$ cat start.cif   # mmCIF, C-alpha atoms
data_target
loop_
_atom_site.label_atom_id
_atom_site.label_comp_id
_atom_site.auth_asym_id
_atom_site.auth_seq_id
_atom_site.Cartn_x
_atom_site.Cartn_y
_atom_site.Cartn_z
CA MET B 2 -100.07 44.02 -18.07
CA GLY B 3 -101.30 43.53 -14.51
CA LEU B 4 -103.45 45.96 -12.56
CA PHE B 5 -100.48 47.00 -10.44
CA ALA B 6 -98.48 47.99 -13.51
CA LYS B 7 -101.42 49.92 -14.97
CA SER B 8 -102.23 51.71 -11.73
CA LYS B 9 -98.66 52.94 -11.34
CA LEU B 10 -98.58 54.80 -14.66
CA GLN B 11 -100.10 58.03 -15.83
CA LYS B 12 -100.51 59.20 -19.38
CA GLY B 13 -97.07 59.66 -20.85
CA GLY B 14 -95.64 56.84 -18.73
CA ARG B 15 -94.99 58.92 -15.62
CA GLN B 16 -95.27 57.32 -12.22
CA VAL B 17 -98.41 58.18 -10.28
CA LYS B 18 -97.88 60.28 -7.14
CA TYR B 19 -100.78 59.04 -5.05
CA TYR B 20 -99.97 61.48 -2.25
CA CYS B 21 -100.88 64.33 -4.63
CA GLU B 22 -104.32 62.90 -5.39
CA ASP B 23 -107.59 62.92 -3.51
CA SER B 24 -108.41 59.61 -1.84
CA ALA B 25 -111.50 59.26 -4.05
CA GLU B 26 -109.31 59.61 -7.15
CA VAL B 27 -106.92 56.98 -5.86
CA LEU B 28 -109.79 54.55 -5.23
CA LYS B 29 -111.01 55.16 -8.77
CA GLU B 30 -107.54 54.58 -10.24
CA VAL B 31 -107.09 51.24 -8.49
CA GLU B 32 -110.68 50.29 -9.36
CA SER B 33 -111.81 49.91 -5.77
CA SER B 34 -114.16 51.58 -3.27
CA GLU B 35 -114.30 52.45 0.41
CA GLY B 36 -116.03 49.11 0.94
CA GLY B 37 -113.04 47.26 -0.50
CA LEU B 38 -112.95 44.58 -3.16
CA SER B 39 -115.12 41.54 -3.63
CA SER B 40 -113.55 38.18 -2.78
CA ASP B 41 -113.73 37.08 -6.42
CA GLU B 42 -112.02 40.24 -7.66
CA ALA B 43 -109.32 39.92 -5.00
CA GLN B 44 -108.59 36.34 -6.13
CA LYS B 45 -108.35 37.45 -9.77
CA ARG B 46 -105.90 40.22 -8.90
CA LEU B 47 -103.86 37.89 -6.69
CA ALA B 48 -103.54 35.38 -9.56
CA ARG B 49 -102.61 38.17 -11.99
CA ASP B 50 -100.26 40.31 -9.89
CA GLY B 51 -98.75 37.73 -7.53
CA ARG B 52 -98.45 37.48 -3.77
CA ASN B 53 -97.62 40.39 -1.50
CA GLU B 54 -94.15 39.11 -0.68
CA LEU B 55 -90.60 40.29 -1.20
CA ALA B 56 -88.68 38.13 -3.65
CA ALA B 57 -86.90 35.44 -1.69
CA GLU B 58 -83.17 35.27 -2.23
CA LYS B 59 -82.28 32.13 -4.15
CA LYS B 60 -80.67 29.73 -1.72
CA ASP B 61 -77.58 27.81 -2.71
CA SER B 62 -77.56 24.06 -2.20
CA LEU B 63 -75.74 22.64 0.81
CA ILE B 64 -73.00 21.25 -1.43
CA LYS B 65 -72.51 24.60 -3.19
CA ARG B 66 -72.31 26.42 0.14
CA PHE B 67 -69.82 23.82 1.38
CA PHE B 68 -67.48 24.37 -1.57
CA ALA B 69 -68.00 28.15 -1.34
CA GLN B 70 -66.23 27.98 2.01
CA MET B 71 -63.17 26.70 0.14
CA ALA B 72 -62.98 29.71 -2.17
CA ASP B 73 -60.80 31.48 0.38
CA PRO B 74 -57.21 31.93 -0.91
CA MET B 75 -55.77 30.41 2.25
CA ILE B 76 -57.92 27.29 1.84
CA ILE B 77 -56.86 26.98 -1.80
CA ILE B 78 -53.20 27.06 -0.74
CA LEU B 79 -53.93 24.33 1.82
CA ILE B 80 -55.59 22.14 -0.82
CA VAL B 81 -52.63 22.58 -3.16
CA ALA B 82 -50.29 21.79 -0.27
CA ALA B 83 -52.28 18.64 0.48
CA ALA B 84 -52.02 17.49 -3.13
CA VAL B 85 -48.27 18.13 -3.29
CA SER B 86 -47.77 16.51 0.11
CA ALA B 87 -49.62 13.41 -1.12
CA VAL B 88 -47.36 13.12 -4.17
CA THR B 89 -44.14 13.51 -2.18
CA GLY B 90 -45.36 11.23 0.61
CA ILE B 91 -46.37 8.40 -1.73
CA TYR B 92 -43.07 8.73 -3.62
CA GLU B 93 -41.00 8.49 -0.45
CA GLU B 94 -43.01 6.12 1.78
CA GLY B 95 -45.92 4.77 -0.23
CA LEU B 96 -49.41 5.00 1.25
CA LYS B 97 -47.91 5.52 4.71
CA GLY B 98 -46.66 8.90 3.53
CA ILE B 99 -50.10 10.51 3.18
CA THR B 100 -50.51 11.28 6.88
CA ASP B 101 -49.80 14.99 6.40
CA THR B 102 -52.25 15.09 3.49
CA VAL B 103 -55.03 13.54 5.58
CA ILE B 104 -54.42 16.02 8.41
CA ILE B 105 -54.54 19.01 6.04
CA LEU B 106 -57.76 17.75 4.39
CA ILE B 107 -59.38 17.20 7.79
CA VAL B 108 -58.56 20.81 8.71
CA VAL B 109 -60.06 22.04 5.42
CA ILE B 110 -63.23 19.96 5.77
CA VAL B 111 -63.81 20.86 9.43
CA ASN B 112 -63.31 24.53 8.57
CA ALA B 113 -65.91 24.34 5.76
CA VAL B 114 -68.42 22.38 7.86
CA LEU B 115 -68.13 24.86 10.73
CA GLY B 116 -68.68 27.80 8.37
CA VAL B 117 -71.77 26.22 6.76
CA TYR B 118 -73.17 25.30 10.18
CA GLN B 119 -72.88 28.83 11.56
CA GLU B 120 -74.42 30.40 8.44
CA SER B 121 -77.27 27.85 8.37
CA LYS B 122 -78.04 28.49 12.03
CA ALA B 123 -78.22 32.24 11.39
CA GLU B 124 -80.51 31.75 8.37
CA LYS B 125 -82.89 29.57 10.37
CA ALA B 126 -83.11 32.24 13.07
CA ILE B 127 -83.85 34.91 10.44
CA GLU B 128 -86.52 32.72 8.82
CA ALA B 129 -88.14 32.21 12.23
CA LEU B 130 -88.30 35.98 12.76
CA GLN B 131 -89.77 36.49 9.27
CA ALA B 132 -92.41 33.85 9.96
CA MET B 133 -93.39 35.67 13.14
CA SER B 134 -93.78 38.98 11.28
CA ALA B 135 -95.81 37.50 8.39
CA ALA B 136 -99.08 37.60 10.37
CA THR B 137 -102.45 38.59 8.96
CA SER B 138 -104.27 41.79 8.05
CA LYS B 139 -107.80 43.08 8.53
CA VAL B 140 -109.35 44.16 5.24
CA LEU B 141 -112.74 45.00 3.83
CA ARG B 142 -113.92 42.24 1.50
CA ASP B 143 -117.47 42.19 0.13
CA GLY B 144 -118.15 45.20 2.37
CA LYS B 145 -117.31 43.23 5.53
CA VAL B 146 -114.25 43.03 7.77
CA ALA B 147 -112.19 39.94 6.98
CA VAL B 148 -108.87 38.66 8.29
CA VAL B 149 -106.59 37.46 5.48
CA PRO B 150 -102.89 36.51 5.24
CA SER B 151 -100.85 39.63 4.49
CA ALA B 152 -99.26 37.80 1.55
CA GLU B 153 -102.68 37.64 -0.16
CA LEU B 154 -103.31 41.39 -0.17
CA VAL B 155 -103.75 42.98 -3.61
CA VAL B 156 -103.82 46.47 -5.07
CA GLY B 157 -107.24 47.95 -4.30
CA ASP B 158 -107.72 46.20 -0.96
CA VAL B 159 -108.83 48.48 1.87
CA VAL B 160 -106.82 47.54 4.96
CA LEU B 161 -107.80 48.56 8.50
CA LEU B 162 -105.00 49.83 10.72
CA GLU B 163 -104.85 49.98 14.52
CA ALA B 164 -102.16 50.59 17.12
CA GLY B 165 -99.71 47.69 17.13
CA ASP B 166 -100.42 46.61 13.55
CA ALA B 167 -97.64 46.17 11.01
CA VAL B 168 -98.43 47.94 7.74
CA PRO B 169 -98.62 45.04 5.23
CA ALA B 170 -98.15 46.97 1.96
CA ASP B 171 -97.88 50.48 0.53
CA GLY B 172 -101.14 52.41 0.57
CA ARG B 173 -102.93 55.77 0.47
CA ILE B 174 -104.56 56.79 3.76
CA ILE B 175 -108.33 57.21 3.28
CA GLU B 176 -109.31 57.45 6.96
CA SER B 177 -107.34 58.66 9.98
CA ALA B 178 -108.28 59.00 13.63
CA SER B 179 -105.11 60.33 15.28
CA LEU B 180 -103.21 57.75 13.25
CA GLN B 181 -99.45 57.68 13.88
CA ILE B 182 -97.00 55.35 12.14
CA GLU B 183 -93.34 54.66 12.91
CA GLU B 184 -91.32 54.41 9.66
CA ALA B 185 -87.78 53.95 11.00
CA ALA B 186 -87.18 50.91 8.76
CA LEU B 187 -87.56 53.16 5.70
CA THR B 188 -86.57 56.66 6.79
CA GLY B 189 -84.35 56.03 9.82
CA GLU B 190 -86.52 58.40 11.87
CA SER B 191 -87.73 56.72 15.06
CA VAL B 192 -90.32 59.41 15.91
CA PRO B 193 -93.82 58.30 14.74
CA VAL B 194 -95.34 60.29 11.87
CA TYR B 195 -98.85 61.71 12.20
CA LYS B 196 -100.95 60.62 9.22
CA PHE B 197 -103.81 62.48 7.53
CA ILE B 198 -105.94 62.10 4.40
CA ASP B 199 -105.36 65.55 2.87
CA ILE B 200 -103.67 66.03 -0.50
CA ILE B 201 -100.02 67.12 -0.52
CA ASP B 202 -99.74 69.99 -3.01
CA LEU B 203 -96.62 70.32 -5.15
CA LYS B 204 -95.53 71.24 -8.64
CA ASP B 205 -95.46 68.53 -11.33
CA SER B 206 -91.69 68.75 -11.58
CA SER B 207 -91.08 68.34 -7.86
CA ASP B 208 -91.32 65.39 -5.50
CA VAL B 209 -91.87 64.78 -1.79
CA PRO B 210 -89.37 62.79 0.29
CA LEU B 211 -90.77 59.49 1.50
CA GLY B 212 -90.70 60.61 5.13
CA ASP B 213 -92.89 63.64 4.34
CA ARG B 214 -95.64 61.73 2.53
CA LYS B 215 -97.99 61.95 5.48
CA ASN B 216 -101.03 60.65 3.62
CA MET B 217 -99.26 57.40 2.67
CA CYS B 218 -98.28 54.27 4.61
CA TYR B 219 -95.58 51.79 3.69
CA MET B 220 -94.74 48.12 4.13
CA GLY B 221 -92.31 47.60 6.99
CA SER B 222 -93.70 50.40 9.16
CA THR B 223 -95.73 50.01 12.37
CA VAL B 224 -98.85 51.75 13.68
CA THR B 225 -98.03 53.20 17.09
CA TYR B 226 -101.19 55.17 17.89
CA GLY B 227 -104.73 55.74 16.68
CA ARG B 228 -106.54 53.95 13.91
CA GLY B 229 -107.34 54.40 10.25
CA SER B 230 -107.63 52.70 6.90
CA ALA B 231 -105.73 52.75 3.63
CA VAL B 232 -106.24 51.53 0.09
CA ILE B 233 -103.35 49.38 -1.12
CA THR B 234 -101.47 50.98 -4.04
CA ALA B 235 -98.47 48.64 -4.28
CA THR B 236 -97.64 45.13 -3.11
CA GLY B 237 -94.60 42.86 -2.98
CA MET B 238 -91.56 44.03 -4.90
CA GLY B 239 -93.50 47.09 -6.09
CA THR B 240 -93.45 48.60 -2.60
CA GLU B 241 -90.78 50.98 -1.32
CA MET B 242 -89.45 48.13 0.82
CA GLY B 243 -89.37 45.98 -2.31
CA LYS B 244 -87.28 48.59 -4.12
CA ILE B 245 -84.78 48.53 -1.26
CA ALA B 246 -84.68 44.72 -1.35
CA ASP B 247 -84.12 44.79 -5.11
CA ALA B 248 -81.28 47.31 -4.77
CA LEU B 249 -79.65 45.21 -2.06
CA SER B 250 -79.90 42.04 -4.16
CA ARG B 251 -78.08 43.76 -7.03
CA ALA B 252 -75.39 45.31 -4.84
CA GLU B 253 -71.92 43.83 -5.19
CA GLN B 254 -70.49 42.32 -2.03
CA GLY B 255 -66.99 43.55 -1.37
CA GLN B 256 -64.36 41.86 0.72
CA THR B 257 -64.20 42.46 4.45
CA PRO B 258 -60.99 43.88 6.01
CA LEU B 259 -60.11 40.39 7.27
CA GLN B 260 -60.58 38.82 3.83
CA ILE B 261 -58.40 41.50 2.26
CA LYS B 262 -55.61 40.88 4.78
CA LEU B 263 -55.85 37.10 4.37
CA SER B 264 -55.71 37.49 0.58
CA GLN B 265 -52.58 39.62 0.93
CA LEU B 266 -51.06 37.03 3.28
CA SER B 267 -51.93 34.26 0.82
CA ARG B 268 -50.19 36.07 -2.03
CA ILE B 269 -47.10 36.68 0.11
CA LEU B 270 -47.01 33.03 1.19
CA THR B 271 -47.46 31.85 -2.41
CA TRP B 272 -44.51 33.87 -3.69
CA LEU B 273 -42.46 32.95 -0.61
CA VAL B 274 -43.15 29.24 -1.10
CA LEU B 275 -42.31 29.42 -4.81
CA GLY B 276 -39.11 31.27 -3.96
CA ILE B 277 -38.17 28.61 -1.41
CA CYS B 278 -38.82 25.86 -3.97
CA VAL B 279 -36.62 27.51 -6.60
CA VAL B 280 -33.75 28.26 -4.20
CA ILE B 281 -33.74 24.82 -2.53
CA PHE B 282 -34.06 23.07 -5.89
CA ALA B 283 -31.12 25.03 -7.34
CA VAL B 284 -28.93 24.44 -4.26
CA GLN B 285 -29.66 20.70 -4.31
CA ILE B 286 -28.78 20.44 -8.02
CA LEU B 287 -25.52 22.34 -7.50
CA ARG B 288 -24.56 20.15 -4.53
CA ALA B 289 -25.28 16.97 -6.46
CA GLY B 290 -23.16 18.22 -9.34
CA GLY B 291 -25.28 16.63 -12.04
CA PHE B 292 -28.58 16.70 -13.88
CA GLU B 293 -29.54 13.04 -13.74
CA PHE B 294 -33.26 12.26 -13.44
CA GLU B 295 -32.98 10.88 -9.91
CA VAL B 296 -31.01 13.93 -8.75
CA ILE B 297 -33.58 16.30 -10.22
CA LEU B 298 -36.51 14.33 -8.73
CA ASP B 299 -34.93 14.12 -5.27
CA SER B 300 -34.11 17.84 -5.34
CA PHE B 301 -37.68 18.65 -6.34
CA MET B 302 -39.13 16.51 -3.53
CA VAL B 303 -36.91 18.16 -0.92
CA ALA B 304 -37.87 21.63 -2.15
CA VAL B 305 -41.58 20.81 -2.16
CA SER B 306 -41.45 19.22 1.30
CA LEU B 307 -39.88 22.36 2.78
CA ALA B 308 -42.39 24.56 0.97
CA VAL B 309 -45.36 22.58 2.31
CA ALA B 310 -43.90 22.77 5.82
CA ALA B 311 -43.88 26.58 5.54
CA ILE B 312 -47.66 26.75 5.03
CA PRO B 313 -49.66 27.40 8.25
CA GLU B 314 -52.27 24.62 7.96
CA GLY B 315 -54.07 25.63 11.14
CA LEU B 316 -54.52 29.33 10.32
CA ALA B 317 -57.82 28.95 8.44
CA ALA B 318 -59.30 26.78 11.18
CA VAL B 319 -58.18 29.20 13.90
CA VAL B 320 -59.77 32.15 12.06
CA THR B 321 -63.06 30.26 11.62
CA VAL B 322 -63.16 29.19 15.28
CA VAL B 323 -62.46 32.73 16.50
CA LEU B 324 -65.18 34.19 14.25
CA SER B 325 -67.61 31.47 15.39
CA ILE B 326 -66.99 32.46 19.00
CA GLY B 327 -67.75 36.06 18.01
CA VAL B 328 -71.03 34.97 16.36
CA THR B 329 -72.01 33.04 19.49
CA ASN B 330 -71.27 36.03 21.74
CA MET B 331 -73.31 38.32 19.47
CA SER B 332 -76.25 35.89 19.50
CA LYS B 333 -76.28 36.07 23.31
CA ARG B 334 -76.86 39.81 22.87
CA ASN B 335 -79.80 39.13 20.49
CA ALA B 336 -77.81 40.01 17.35
CA ILE B 337 -77.99 37.53 14.47
CA ILE B 338 -74.91 37.36 12.23
CA ARG B 339 -75.47 35.68 8.86
CA ARG B 340 -71.88 35.72 7.60
CA LEU B 341 -68.92 34.86 9.81
CA THR B 342 -66.69 37.56 8.30
CA ALA B 343 -69.27 40.23 9.24
CA VAL B 344 -68.24 39.84 12.88
CA GLU B 345 -64.73 41.06 12.14
CA THR B 346 -66.11 43.93 10.04
CA LEU B 347 -68.25 45.08 12.97
CA GLY B 348 -65.17 44.91 15.17
CA CYS B 349 -63.35 47.27 12.80
CA ALA B 350 -65.94 50.03 13.30
CA GLN B 351 -64.29 52.86 15.22
CA VAL B 352 -66.85 55.68 14.90
CA ILE B 353 -70.66 55.51 14.73
CA CYS B 354 -72.41 58.78 13.81
CA SER B 355 -75.96 59.21 15.10
CA ASP B 356 -78.41 62.07 15.38
CA LYS B 357 -80.53 63.08 18.36
CA THR B 358 -83.06 60.29 17.78
CA GLY B 359 -80.38 57.61 17.73
CA THR B 360 -80.75 56.72 14.05
CA LEU B 361 -77.69 56.16 11.88
CA THR B 362 -76.83 58.96 9.46
CA GLN B 363 -74.63 59.08 6.40
#

$ encode --input "start.cif" --output "structure tokens"
Amino acid sequence: MGLFAKSKLQKGGRQVKYYCEDSAEVLKEVESSEGGLSSDEAQKRLARDGRNELAAEKKDSLIKRFFAQMADPMIIILIVAAAVSAVTGIYEEGLKGITDTVIILIVVIVNAVLGVYQESKAEKAIEALQAMSAATSKVLRDGKVAVVPSAELVVGDVVLLEAGDAVPADGRIIESASLQIEEAALTGESVPVYKFIDIIDLKDSSDVPLGDRKNMCYMGSTVTYGRGSAVITATGMGTEMGKIADALSRAEQGQTPLQIKLSQLSRILTWLVLGICVVIFAVQILRAGGFEFEVILDSFMVAVSLAVAAIPEGLAAVVTVVLSIGVTNMSKRNAIIRRLTAVETLGCAQVICSDKTGTLTQ
């Protein structure tokens, strides 16, 4: 078991509440000191506990993302229509009869390519922002101030904090000189929190909300005033930000209002098309007055041709183009949209509740 795992547990398996302990006790628990760790010890802990990074979401291959664009019910109907159109066209006119099929497939492919392009562009923009925020941190190593990549911080490191710094990991404040930290990313409260080193007293059975732990600092927050130092108590996915990232990765993604409506439309069209096929087929058989093979085949081809004609081939492409325009307009306002359908979801918002500080509330 790594140092991080050991330092997070008390006797009996309960999670340590570092905000209820004296800073000296915390330093002892994480096997560190006010002078920080030695470089050798830091390397050992880094190798054992891993880098101070949030788990990256596994990226799908380009091909998988391309075919994922075709999972839409409307696209599936178009593909089926293309296949049926190819059969009827070849039967009636040979290879010259696949013109409709080619047009439908071009629409499907262009739609998928456009969707992948927009999502890839958004991901690259997000990665660029993440690279900018990665930065470095000032820590005490071997009793001296050293600048190291934030991803290489380990439990027990003593990090120095100044106005403008991003807090690189969760830690217990051990020194504060008018230190104030803005924790809106975690608590939603935009007003900076004054930090101190005193113990927060509470009963064993109680807990303190994250926003009230004024002797702690957390990854994702920003120092707005003063200076101080903190001993790292959690890194990577063990931080509060990591817990949020883990919860988000396990959350099920529901359908957007647009996807729900398109799914309903697809079902209606499917039943409508099947109904048309059955009715036209039956009428053709009755008019022919026989059940010969050629009569049945001709009746089937007529029914299928009319059914394919009833499918709106351009609808999927129109929806994708409209959403792409929305993504472009949002990007001009410095808003990055990762998924095309999210644009329509934002457009469906009718009421936004906010408190006096402008943060969203439940």

$ closest_residue --input "start.cif" --among "B:Thr234, B:Leu162, B:Val192, B:Ala87" --to "Lys29 of chain B" --atoms "all atoms listed in the file"
B:Thr234

$ closest_atom_pairs --input "start.cif" --of "segment 31-62 of chain B" --to "segment 220-223 of chain B" --cutoff "12 Å" --atoms "all atoms listed in the file" --output "CSV"
residue,atom,partner,partner_atom,distance
B:Asn53,CA,B:Met220,CA,10.0
B:Glu54,CA,B:Met220,CA,10.2
B:Leu55,CA,B:Met220,CA,10.3

$ axis_aligned_box --input "start.cif" --around "segment 79-82 of chain B" --padding-each-side "6 Å" --output "AutoDock Vina command-line options"
--center_x -52.9 --center_y 23.1 --center_z -0.7 --size_x 17.3 --size_y 14.5 --size_z 17.0

$ closest_residue --input "start.cif" --among "B:Val146, B:Thr342, B:Gly315, B:Ile277" --to "Ile104 of chain B" --atoms "all atoms listed in the file"
B:Gly315

$ atom_distance --input "start.cif" --atom1 "atom CA of Leu28 of chain B" --atom2 "atom CA of Arg173 of chain B"
9.0 Å

$ resolve_selection --input "start.cif" --expression "the PyMOL selection byres ((chain B and resi 63) around 12)" --output "JSON, numbers by chain"
{"B": [60, 61, 62, 64, 65, 66, 67, 68, 69, 70, 113, 114, 116, 117, 118, 120, 121]}

$ residues_around --input "start.cif" --residues "segment 243-252 of chain B" --least-positions-apart "5" --cutoff "12 Å" --atoms "all atoms listed in the file" --output "ChimeraX atom specification"
/B:53-59,169-171,186-188,219-221,235-238

$ resolve_selection --input "start.cif" --expression "the PyMOL selection byres ((chain B and resi 21) around 12)" --output "ChimeraX atom specification"
/B:16-20,22-27,173-174,198-205,207-209,214-217

$ closest_residue --input "start.cif" --among "B:Pro258, B:Gly229, B:Gly165, B:Pro74" --to "Ser179 of chain B" --atoms "only C-alpha atoms"
B:Gly229

$ atom_distance --input "start.cif" --atom1 "atom CA of Gln119 of chain B" --atom2 "atom CA of Leu266 of chain B"
24.7 Å

$ atom_distance --input "start.cif" --atom1 "atom CA of Ile281 of chain B" --atom2 "atom CA of Ile107 of chain B"
28.7 Å

$ closest_atom_pairs --input "start.cif" --of "segment 9-102 of chain B" --to "segment 150-160 of chain B" --cutoff "6 Å" --atoms "all atoms listed in the file" --output "JSON lines"
{"residue": "B:Val31", "atom": "CA", "partner": "B:Gly157", "partner_atom": "CA", "distance": 5.3}
{"residue": "B:Ser33", "atom": "CA", "partner": "B:Gly157", "partner_atom": "CA", "distance": 5.2}
{"residue": "B:Gly37", "atom": "CA", "partner": "B:Val159", "partner_atom": "CA", "distance": 5.0}
{"residue": "B:Leu38", "atom": "CA", "partner": "B:Asp158", "partner_atom": "CA", "distance": 5.9}
{"residue": "B:Leu47", "atom": "CA", "partner": "B:Val155", "partner_atom": "CA", "distance": 6.0}
{"residue": "B:Arg52", "atom": "CA", "partner": "B:Ala152", "partner_atom": "CA", "distance": 5.4}
{"residue": "B:Asn53", "atom": "CA", "partner": "B:Ala152", "partner_atom": "CA", "distance": 4.3}
{"residue": "B:Glu54", "atom": "CA", "partner": "B:Ala152", "partner_atom": "CA", "distance": 5.7}

$ resolve_selection --input "start.cif" --expression "the PyMOL selection byres ((chain B and resi 304-313) around 6)" --output "MDAnalysis selection string"
chainID B and resid 82 274 278 281:282 301:303 314:316

$ residues_around --input "start.cif" --residues "Asp101 of chain B" --least-positions-apart "2" --cutoff "8 Å" --atoms "all atoms listed in the file" --output "compact mmCIF listing (two decimals) with C-alpha atoms, in the coordinates of the input"
# COMPACT_ATOMS: atom_id res chain seq x y z
CA ALA B 83 -52.28 18.64 0.48
CA SER B 86 -47.77 16.51 0.11
CA ALA B 87 -49.62 13.41 -1.12
CA GLY B 98 -46.66 8.90 3.53
CA ILE B 99 -50.10 10.51 3.18
CA VAL B 103 -55.03 13.54 5.58
CA ILE B 104 -54.42 16.02 8.41
CA ILE B 105 -54.54 19.01 6.04

$ closest_residue --input "start.cif" --among "B:Asp73, B:Glu176, B:Asp143, B:Glu124" --to "Ala317 of chain B" --atoms "all atoms listed in the file"
B:Asp73

$ closest_residue --input "start.cif" --among "B:Ile338, B:Leu287, B:Leu259, B:Val232" --to "Ile175 of chain B" --atoms "all atoms listed in the file"
B:Val232

$ closest_residue --input "start.cif" --among "B:Val108, B:Ala164, B:Ala343, B:Val81" --to "Thr257 of chain B" --atoms "all atoms listed in the file"
B:Ala343

$ residues_around --input "start.cif" --residues "segment 321-325 of chain B" --least-positions-apart "2" --cutoff "8 Å" --atoms "all atoms listed in the file" --output "number ranges by chain"
B: 112, 115-116, 119, 317-319, 327-329, 341-342, 344-345

$ write_last_selection --input "start.cif" --atoms "C-alpha atoms" --output "PDB file, keeping the file's coordinate frame"
ATOM      1  CA  ASN B 112     -63.310  24.530   8.570  1.00  0.00           C
ATOM      2  CA  LEU B 115     -68.130  24.860  10.730  1.00  0.00           C
ATOM      3  CA  GLY B 116     -68.680  27.800   8.370  1.00  0.00           C
ATOM      4  CA  GLN B 119     -72.880  28.830  11.560  1.00  0.00           C
ATOM      5  CA  ALA B 317     -57.820  28.950   8.440  1.00  0.00           C
ATOM      6  CA  ALA B 318     -59.300  26.780  11.180  1.00  0.00           C
ATOM      7  CA  VAL B 319     -58.180  29.200  13.900  1.00  0.00           C
ATOM      8  CA  GLY B 327     -67.750  36.060  18.010  1.00  0.00           C
ATOM      9  CA  VAL B 328     -71.030  34.970  16.360  1.00  0.00           C
ATOM     10  CA  THR B 329     -72.010  33.040  19.490  1.00  0.00           C
ATOM     11  CA  LEU B 341     -68.920  34.860   9.810  1.00  0.00           C
ATOM     12  CA  THR B 342     -66.690  37.560   8.300  1.00  0.00           C
ATOM     13  CA  VAL B 344     -68.240  39.840  12.880  1.00  0.00           C
ATOM     14  CA  GLU B 345     -64.730  41.060  12.140  1.00  0.00           C
TER      15      GLU B 345
END

$ decode --input "start.cif" --residues "segment 317-360 of chain B" --atoms "C-alpha atoms" --output "PDB file, in the first residue's frame"
ATOM      1  CA  ALA B 317     -29.428  14.744 -40.399  1.00  0.00           C
ATOM      2  CA  ALA B 318     -27.049  16.940 -42.389  1.00  0.00           C
ATOM      3  CA  VAL B 319     -29.168  20.042 -41.767  1.00  0.00           C
ATOM      4  CA  VAL B 320     -29.220  19.370 -38.003  1.00  0.00           C
ATOM      5  CA  THR B 321     -25.431  18.887 -37.914  1.00  0.00           C
ATOM      6  CA  VAL B 322     -24.779  22.066 -39.918  1.00  0.00           C
ATOM      7  CA  VAL B 323     -27.090  24.134 -37.697  1.00  0.00           C
ATOM      8  CA  LEU B 324     -25.438  22.811 -34.521  1.00  0.00           C
ATOM      9  CA  SER B 325     -21.988  23.464 -36.016  1.00  0.00           C
ATOM     10  CA  ILE B 326     -22.966  27.076 -36.634  1.00  0.00           C
ATOM     11  CA  GLY B 327     -24.042  27.275 -32.986  1.00  0.00           C
ATOM     12  CA  VAL B 328     -20.671  25.875 -31.850  1.00  0.00           C
ATOM     13  CA  THR B 329     -18.848  28.436 -33.997  1.00  0.00           C
ATOM     14  CA  ASN B 330     -20.909  31.306 -32.575  1.00  0.00           C
ATOM     15  CA  MET B 331     -20.251  30.099 -29.018  1.00  0.00           C
ATOM     16  CA  SER B 332     -16.499  29.867 -29.688  1.00  0.00           C
ATOM     17  CA  LYS B 333     -16.522  33.530 -30.742  1.00  0.00           C
ATOM     18  CA  ARG B 334     -17.817  34.258 -27.232  1.00  0.00           C
ATOM     19  CA  ASN B 335     -14.949  32.235 -25.679  1.00  0.00           C
ATOM     20  CA  ALA B 336     -17.153  29.222 -24.872  1.00  0.00           C
ATOM     21  CA  ILE B 337     -15.829  25.813 -25.920  1.00  0.00           C
ATOM     22  CA  ILE B 338     -18.473  23.200 -26.765  1.00  0.00           C
ATOM     23  CA  ARG B 339     -17.208  19.607 -26.823  1.00  0.00           C
ATOM     24  CA  ARG B 340     -20.389  17.908 -28.042  1.00  0.00           C
ATOM     25  CA  LEU B 341     -22.538  19.329 -30.829  1.00  0.00           C
ATOM     26  CA  THR B 342     -25.808  18.348 -29.139  1.00  0.00           C
ATOM     27  CA  ALA B 343     -24.833  20.362 -26.040  1.00  0.00           C
ATOM     28  CA  VAL B 344     -25.501  23.562 -27.989  1.00  0.00           C
ATOM     29  CA  GLU B 345     -29.175  22.701 -28.368  1.00  0.00           C
ATOM     30  CA  THR B 346     -29.372  21.726 -24.685  1.00  0.00           C
ATOM     31  CA  LEU B 347     -28.024  25.140 -23.675  1.00  0.00           C
ATOM     32  CA  GLY B 348     -30.609  26.729 -25.933  1.00  0.00           C
ATOM     33  CA  CYS B 349     -33.377  24.888 -24.063  1.00  0.00           C
ATOM     34  CA  ALA B 350     -32.428  26.529 -20.744  1.00  0.00           C
ATOM     35  CA  GLN B 351     -35.220  28.914 -19.771  1.00  0.00           C
ATOM     36  CA  VAL B 352     -34.342  29.780 -16.163  1.00  0.00           C
ATOM     37  CA  ILE B 353     -30.924  30.117 -14.487  1.00  0.00           C
ATOM     38  CA  CYS B 354     -30.979  30.429 -10.684  1.00  0.00           C
ATOM     39  CA  SER B 355     -28.068  32.290  -9.102  1.00  0.00           C
ATOM     40  CA  ASP B 356     -27.297  33.718  -5.693  1.00  0.00           C
ATOM     41  CA  LYS B 357     -25.889  37.138  -4.832  1.00  0.00           C
ATOM     42  CA  THR B 358     -22.333  36.156  -5.790  1.00  0.00           C
ATOM     43  CA  GLY B 359     -23.395  34.964  -9.226  1.00  0.00           C
ATOM     44  CA  THR B 360     -22.680  31.276  -8.627  1.00  0.00           C
TER      45      THR B 360
END
